[in-house]
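Next comes final_3.txt, with compact mmCIF, C-alpha atoms.
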```txt
# COMPACT_ATOMS: atom_id res chain seq x y z
CA MET A 1 -78.63 78.90 -81.53
CA GLU A 2 -78.15 80.60 -84.89
CA LEU A 3 -80.09 83.83 -85.37
CA SER A 4 -82.20 84.45 -88.46
CA GLU A 5 -81.28 87.46 -90.58
CA LYS A 6 -84.37 89.30 -89.32
CA GLN A 7 -83.40 88.72 -85.67
CA LEU A 8 -79.83 89.73 -86.42
CA ILE A 9 -80.94 93.00 -88.02
CA LYS A 10 -83.30 93.74 -85.13
CA LEU A 11 -80.53 93.27 -82.57
CA ALA A 12 -77.95 95.16 -84.63
CA LYS A 13 -80.34 98.08 -85.03
CA LYS A 14 -80.65 98.28 -81.25
CA GLY A 15 -76.88 98.56 -81.03
CA ASP A 16 -76.02 94.96 -80.12
CA ARG A 17 -72.28 94.80 -80.88
CA THR A 18 -72.24 91.02 -81.30
CA ALA A 19 -75.03 91.16 -83.90
CA GLN A 20 -73.25 94.00 -85.71
CA ALA A 21 -70.03 91.98 -85.71
CA ILE A 22 -71.81 88.94 -87.18
CA ILE A 23 -73.19 91.10 -90.01
CA VAL A 24 -69.70 92.45 -90.76
CA LYS A 25 -68.22 88.96 -90.67
CA ASN A 26 -70.92 87.57 -92.98
CA TYR A 27 -70.41 90.21 -95.66
CA GLU A 28 -66.78 91.40 -95.41
CA LYS A 29 -65.53 88.98 -98.08
CA MET A 30 -68.30 90.00 -100.48
CA VAL A 31 -67.53 93.71 -100.04
CA TYR A 32 -63.76 93.25 -100.26
CA ASN A 33 -64.01 91.26 -103.50
CA LEU A 34 -66.40 93.78 -105.03
CA GLY A 35 -63.93 96.57 -104.24
CA LEU A 36 -61.02 94.54 -105.55
CA LYS A 37 -62.78 93.72 -108.82
CA LEU A 38 -64.13 97.21 -109.43
CA LEU A 39 -61.00 99.11 -108.44
CA GLY A 40 -58.36 96.49 -109.21
CA ASP A 41 -56.22 97.42 -106.25
CA GLN A 42 -55.86 95.90 -102.76
CA GLU A 43 -55.31 99.25 -101.05
CA LYS A 44 -58.43 100.80 -102.59
CA ALA A 45 -60.44 97.65 -101.86
CA GLU A 46 -59.46 98.05 -98.20
CA CYS A 47 -60.73 101.64 -98.22
CA ILE A 48 -64.04 100.46 -99.71
CA LEU A 49 -64.24 97.74 -97.06
CA GLN A 50 -63.75 100.17 -94.19
CA GLU A 51 -65.92 102.96 -95.61
CA THR A 52 -68.75 100.55 -96.42
CA PHE A 53 -68.98 99.02 -92.96
CA LEU A 54 -68.59 102.33 -91.17
CA LYS A 55 -71.56 103.51 -93.24
CA VAL A 56 -73.49 100.26 -92.72
CA LEU A 57 -73.18 100.49 -88.94
CA GLN A 58 -74.07 104.16 -88.99
CA ALA A 59 -77.11 103.73 -91.27
CA LEU A 60 -78.36 100.43 -89.85
CA PRO A 61 -80.98 102.03 -87.54
CA ASN A 62 -82.56 103.59 -90.64
CA PHE A 63 -82.49 100.39 -92.75
CA GLN A 64 -86.10 99.97 -93.92
CA GLU A 65 -85.74 96.23 -94.70
CA LYS A 66 -87.48 96.66 -98.05
CA SER A 67 -84.58 94.82 -99.67
CA LYS A 68 -82.38 91.95 -98.51
CA LEU A 69 -79.56 92.94 -96.15
CA SER A 70 -77.01 91.74 -98.72
CA THR A 71 -78.57 93.95 -101.42
CA TRP A 72 -78.51 96.96 -99.10
CA ILE A 73 -74.85 96.39 -98.17
CA TYR A 74 -74.00 95.77 -101.82
CA ARG A 75 -75.63 99.07 -102.73
CA ILE A 76 -73.56 100.97 -100.15
CA ALA A 77 -70.34 99.25 -101.26
CA THR A 78 -71.08 99.89 -104.94
CA ASN A 79 -71.77 103.56 -104.29
CA GLN A 80 -68.49 103.90 -102.42
CA ALA A 81 -66.61 102.18 -105.23
CA LEU A 82 -68.31 104.22 -107.95
CA MET A 83 -67.49 107.45 -106.13
CA ARG A 84 -63.83 106.45 -106.18
CA LEU A 85 -63.98 105.44 -109.81
CA ARG A 86 -65.60 108.72 -110.79
CA SER A 87 -63.05 110.75 -108.93
CA LYS A 88 -60.30 108.98 -110.81
CA LYS A 89 -59.26 110.60 -114.06
CA ARG A 90 -59.88 107.89 -116.56
CA GLN A 91 -59.92 107.72 -120.27
CA GLN A 92 -63.38 106.50 -121.12
CA VAL A 93 -63.69 104.07 -123.98
CA SER A 94 -65.97 105.21 -126.72
CA ILE A 95 -69.08 103.06 -126.85
CA ASP A 96 -69.34 103.35 -130.60
CA GLU A 97 -65.81 102.18 -131.14
CA SER A 98 -65.55 99.38 -128.68
CA SER A 99 -68.77 97.75 -127.72
CA GLU A 100 -70.74 97.09 -130.83
CA GLU A 101 -70.49 94.10 -133.06
CA ASP A 102 -67.64 94.79 -135.42
CA GLY A 103 -68.26 92.02 -137.93
CA LYS A 104 -64.87 90.42 -137.21
CA ASP A 105 -64.46 86.67 -137.23
CA TYR A 106 -63.77 85.50 -133.69
CA SER A 107 -63.48 81.83 -134.54
CA ASN A 108 -59.67 81.83 -134.08
CA PHE A 109 -60.06 83.39 -130.67
CA VAL A 110 -62.68 80.82 -129.68
CA GLN A 111 -60.51 78.00 -131.01
CA SER A 112 -57.50 79.23 -129.04
CA LEU A 113 -59.60 79.16 -125.88
CA GLU A 114 -60.58 75.62 -126.72
CA ALA A 115 -57.05 74.55 -127.63
CA ASP A 116 -55.88 74.44 -124.02
CA PRO A 117 -57.76 73.32 -120.97
CA LEU A 118 -59.15 76.38 -119.17
CA ASP A 119 -57.23 75.42 -116.04
CA ASN A 120 -53.96 75.89 -117.90
CA LEU A 121 -55.18 79.10 -119.46
CA LEU A 122 -55.59 80.85 -116.16
CA ASN A 123 -51.90 81.64 -115.99
CA GLN A 124 -50.43 84.95 -115.00
CA GLU A 125 -50.28 86.30 -118.55
CA LEU A 126 -53.93 85.61 -119.19
CA LYS A 127 -54.92 87.03 -115.81
CA GLU A 128 -53.07 90.24 -116.67
CA LYS A 129 -54.86 90.47 -120.01
CA MET A 130 -58.22 89.90 -118.36
CA ASP A 131 -57.48 92.52 -115.67
CA SER A 132 -56.35 94.99 -118.30
CA ALA A 133 -59.47 94.41 -120.43
CA ILE A 134 -61.82 94.88 -117.51
CA GLU A 135 -59.88 97.92 -116.25
CA GLN A 136 -60.53 99.64 -119.58
CA LEU A 137 -64.29 99.10 -119.45
CA PRO A 138 -66.43 102.15 -118.76
CA ASP A 139 -67.61 102.10 -115.12
CA ASN A 140 -71.26 101.43 -115.91
CA TYR A 141 -70.35 98.37 -117.99
CA LYS A 142 -67.76 97.09 -115.54
CA THR A 143 -70.10 97.31 -112.54
CA VAL A 144 -72.93 95.41 -114.22
CA PHE A 145 -70.61 92.76 -115.68
CA ILE A 146 -68.95 92.06 -112.33
CA MET A 147 -72.25 91.94 -110.48
CA LYS A 148 -74.00 89.67 -112.97
CA ASP A 149 -71.39 87.48 -114.58
CA VAL A 150 -68.75 87.30 -111.88
CA GLU A 151 -70.73 87.62 -108.64
CA GLY A 152 -73.92 86.03 -109.98
CA LEU A 153 -76.45 88.61 -108.78
CA ALA A 154 -79.91 88.62 -110.38
CA LEU A 155 -80.57 91.31 -112.99
CA LYS A 156 -83.46 92.65 -110.92
CA GLU A 157 -81.21 92.96 -107.87
CA ILE A 158 -78.56 94.80 -109.90
CA ALA A 159 -81.19 97.21 -111.20
CA GLU A 160 -82.24 97.87 -107.62
CA ILE A 161 -78.67 98.36 -106.35
CA LEU A 162 -77.65 100.67 -109.18
CA ASP A 163 -81.00 102.41 -109.39
CA LEU A 164 -81.27 101.59 -113.09
CA SER A 165 -84.10 100.20 -115.18
CA LEU A 166 -83.96 96.52 -116.08
CA PRO A 167 -83.50 97.28 -119.81
CA ALA A 168 -80.59 99.60 -118.95
CA VAL A 169 -78.90 96.86 -116.92
CA LYS A 170 -79.37 94.35 -119.75
CA SER A 171 -78.04 96.80 -122.31
CA ASN A 172 -74.96 97.59 -120.20
CA LEU A 173 -74.35 93.88 -119.64
CA HIS A 174 -74.59 93.09 -123.33
CA ARG A 175 -72.21 95.91 -124.25
CA ALA A 176 -69.79 94.93 -121.48
CA ARG A 177 -69.62 91.33 -122.67
CA ILE A 178 -69.01 92.32 -126.28
CA THR A 179 -66.42 94.93 -125.34
CA LEU A 180 -64.53 92.42 -123.19
CA ARG A 181 -64.67 89.75 -125.88
CA ASN A 182 -63.35 92.21 -128.47
CA LYS A 183 -60.57 93.47 -126.22
CA LEU A 184 -59.43 90.00 -125.20
CA ALA A 185 -59.52 88.82 -128.80
CA ASP A 186 -57.40 91.82 -129.87
CA MET A 187 -54.87 91.14 -127.10
CA TRP A 188 -54.87 87.47 -128.01
CA ASN A 189 -53.96 88.11 -131.60
CA MET B 1 -72.67 74.21 -121.01
CA ASP B 2 -74.99 72.86 -123.67
CA CYS B 3 -77.31 74.64 -126.10
CA LEU B 4 -80.17 74.61 -123.62
CA ASP B 5 -78.06 76.41 -121.01
CA THR B 6 -76.95 78.92 -123.62
CA LEU B 7 -80.52 79.51 -124.71
CA SER B 8 -81.53 79.83 -121.09
CA GLN B 9 -78.88 82.55 -120.62
CA ILE B 10 -80.06 84.43 -123.69
CA CYS B 11 -83.65 84.24 -122.50
CA GLU B 12 -82.67 85.44 -119.05
CA ALA B 13 -80.89 88.40 -120.61
CA LEU B 14 -84.02 89.09 -122.62
CA GLY B 15 -86.13 88.78 -119.49
CA GLU B 16 -88.11 85.97 -121.14
CA ASP B 17 -89.26 82.56 -120.01
CA ILE B 18 -87.38 79.80 -121.84
CA ASN B 19 -90.62 78.51 -123.36
CA SER B 20 -91.84 81.91 -124.52
CA PRO B 21 -92.47 82.40 -128.26
CA LEU B 22 -89.51 84.78 -128.45
CA CYS B 23 -87.10 82.23 -126.93
CA GLN B 24 -88.40 79.49 -129.17
CA GLU B 25 -87.78 81.77 -132.12
CA VAL B 26 -84.21 82.39 -130.87
CA GLU B 27 -83.69 78.64 -130.50
CA GLU B 28 -84.87 77.99 -134.04
CA HIS B 29 -82.58 80.71 -135.38
CA LEU B 30 -79.54 79.41 -133.45
CA LYS B 31 -80.02 75.94 -134.92
CA ASN B 32 -79.44 77.31 -138.40
CA CYS B 33 -77.05 80.20 -137.91
CA PRO B 34 -73.35 79.36 -137.35
CA LYS B 35 -72.50 83.06 -137.12
CA CYS B 36 -74.84 83.64 -134.19
CA CYS B 37 -73.69 80.40 -132.58
CA ALA B 38 -70.06 81.51 -132.84
CA HIS B 39 -70.96 84.90 -131.38
CA VAL B 40 -72.80 83.36 -128.42
CA ASP B 41 -70.01 80.84 -127.94
CA SER B 42 -67.26 83.46 -127.83
CA ILE B 43 -69.17 85.61 -125.33
CA ARG B 44 -69.95 82.57 -123.17
CA LYS B 45 -66.29 81.55 -123.07
CA VAL B 46 -65.16 85.03 -122.06
CA VAL B 47 -67.74 85.10 -119.26
CA ARG B 48 -66.58 81.67 -118.05
CA LEU B 49 -62.96 82.86 -117.97
CA TYR B 50 -63.88 85.68 -115.61
CA GLN B 51 -66.04 83.42 -113.48
CA ARG B 52 -63.13 81.06 -112.94
CA VAL B 53 -60.97 83.71 -111.30
CA GLY B 54 -63.15 83.48 -108.17
CA ASP B 55 -63.19 85.34 -104.89
CA THR B 56 -60.23 85.80 -102.60
CA ASP B 57 -60.17 85.82 -98.81
CA VAL B 58 -59.64 89.14 -97.06
CA PRO B 59 -55.90 89.26 -96.21
CA ASP B 60 -55.23 88.99 -92.45
CA GLU B 61 -53.70 92.43 -92.05
CA ILE B 62 -56.62 94.10 -93.88
CA ASP B 63 -59.06 92.07 -91.79
CA GLN B 64 -57.38 93.10 -88.53
CA ARG B 65 -57.40 96.78 -89.50
CA LEU B 66 -61.12 96.58 -90.39
CA TRP B 67 -62.11 95.25 -86.97
CA LYS B 68 -59.93 97.87 -85.30
CA VAL B 69 -61.50 100.72 -87.31
CA LEU B 70 -65.01 99.43 -86.53
CA ASN B 71 -64.10 98.90 -82.88
CA LEU B 72 -65.74 95.47 -82.93
CA CYS B 73 -64.57 92.02 -81.85
CA LYS B 74 -64.48 89.51 -84.67
CA PRO B 75 -66.75 86.56 -83.82
CA GLU B 76 -65.16 83.11 -83.65
CA ASP B 77 -65.85 80.72 -86.55
```
Can you turn what I pasted into structure tokens?
Amino acid sequence: MELSEKQLIKLAKKGDRTAQAIIVKNYEKMVYNLGLKLLGDQEKAECILQETFLKVLQALPNFQEKSKLSTWIYRIATNQALMRLRSKKRQQVSIDESSEEDGKDYSNFVQSLEADPLDNLLNQELKEKMDSAIEQLPDNYKTVFIMKDVEGLALKEIAEILDLSLPAVKSNLHRARITLRNKLADMWN
Amino acid sequence: MDCLDTLSQICEALGEDINSPLCQEVEEHLKNCPKCCAHVDSIRKVVRLYQRVGDTDVPDEIDQRLWKVLNLCKPED
């Protein structure tokens, strides 16, 4: 018989190793991919994966169940990833220079995306350009963009995970999208 | 994605219901503004590119090390 999430949490909190293992199995792919997308590196994604679940198992008895289990795990994984990002010496992109509307005409860029089927576009060269563009995003933009547009989380959930207001999440998302569009268009040309 | 989907996305970003006066105003504007349409279109296409990359499975060796570190037995599928 399959356990409900509530039953699973209850058992895992009591120290049931099978329930804990099911939780890890259910969310390991989600955590690994978040780490991979935020840090862009398999080795660092593995560190996030291990650190997150060590913390999850340790903190599980104190989980208040005010949020979904996935949101809680996502929050822990995001915090681990952000700590790593912050400790990394990175050249931050100036918001004023990169993320506002620049009045350029992007019709050529849009046409070039339309010229080939998207399936053919996802070649190695394009993938490298996309990775490079996202790597250059400031952390607060990158995190929101990945959570909303790539992973499909709700804005409210992202606000909860990142401890940000809803308007702040929307603003970061908007700026992230424009910055990525501008960067990709520049690389394209 | 058609115009309704695009409008729906804009309204979601604005935190508005698709039938709200603000969203109807946006819809009216988009009908008559090629510049805004091009802007929305370019952003939408970039987002779709990233969405198509998708998730990857956890590589076996990373998976094995995780279960070892956690000292747990991986449940069968």
Next on the checklist: Which residue is closest to Arg52 of chain B? Choose from A:Asp139, A:Glu157, A:Glu151, A:Asp41 and count all atoms listed in the file.
Outcome noted: A:Glu151
For segment 8-17 of chain A, list every protein, DNA or RNA residue within 8 Å, evaluated using all atoms listed in the file, and leave out those in the same chain fewer than 5 positions away; present the list as a short mmCIF file (atom, residue, chain, number, x, y, z; two decimals) with C-alpha atoms, keeping the file's coordinate frame.
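So selection-v4.cif came out as:
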```cif
data_model
loop_
_atom_site.label_atom_id
_atom_site.label_comp_id
_atom_site.auth_asym_id
_atom_site.auth_seq_id
_atom_site.Cartn_x
_atom_site.Cartn_y
_atom_site.Cartn_z
CA LEU A 3 -80.09 83.83 -85.37
CA ILE A 23 -73.19 91.10 -90.01
CA LEU A 60 -78.36 100.43 -89.85
CA PRO A 61 -80.98 102.03 -87.54
CA LEU B 72 -65.74 95.47 -82.93
#
```
Item to check | Neighbours of chain B in chain A at 7 Å, counting only C-alpha atoms, as a ChimeraX atom specification | outcome: /A:17,21-22,29,32-33,46,50,54,107,110,149-150,170,177-178,181
Dump of C-alpha atoms for the selected residues, as a compact mmCIF listing (two decimals), keeping the file's coordinate frame:
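selection.txt was written with the following content:
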```txt
# COMPACT_ATOMS: atom_id res chain seq x y z
CA ARG A 17 -72.28 94.80 -80.88
CA ALA A 21 -70.03 91.98 -85.71
CA ILE A 22 -71.81 88.94 -87.18
CA LYS A 29 -65.53 88.98 -98.08
CA TYR A 32 -63.76 93.25 -100.26
CA ASN A 33 -64.01 91.26 -103.50
CA GLU A 46 -59.46 98.05 -98.20
CA GLN A 50 -63.75 100.17 -94.19
CA LEU A 54 -68.59 102.33 -91.17
CA SER A 107 -63.48 81.83 -134.54
CA VAL A 110 -62.68 80.82 -129.68
CA ASP A 149 -71.39 87.48 -114.58
CA VAL A 150 -68.75 87.30 -111.88
CA LYS A 170 -79.37 94.35 -119.75
CA ARG A 177 -69.62 91.33 -122.67
CA ILE A 178 -69.01 92.32 -126.28
CA ARG A 181 -64.67 89.75 -125.88
```
Checklist entry - What does the distance from atom CA of Thr71 of chain A to atom CA of Ile161 of chain A come to in Å, to one decimal? => result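 The value is 6.6 Å.
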Item to check | Shell around Ala81 of chain A at 9 Å using only C-alpha atoms, local window under 4 positions removed, as a list of chain:residue names | outcome: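 In the requested format, the answer is A:Leu34, A:Gly35, A:Leu38, A:Leu39, A:Lys44, A:Ala45, A:Ile48, A:Ile76, A:Ala77, A:Leu85, A:Arg86.
Taking atom CA of Pro34 of chain B and atom CA of Ala168 of chain A as the two end points, the separation is 28.3 Å.
Taking atom CA of Trp72 of chain A and atom CA of Val56 of chain A as the two end points, the separation is 8.8 Å.
When all atoms listed in the file are used to measure the gap to Gln64 of chain B, the shortest distance among A:Ala19, A:Leu49, A:Met30, A:Ala133 belongs to A:Leu49.
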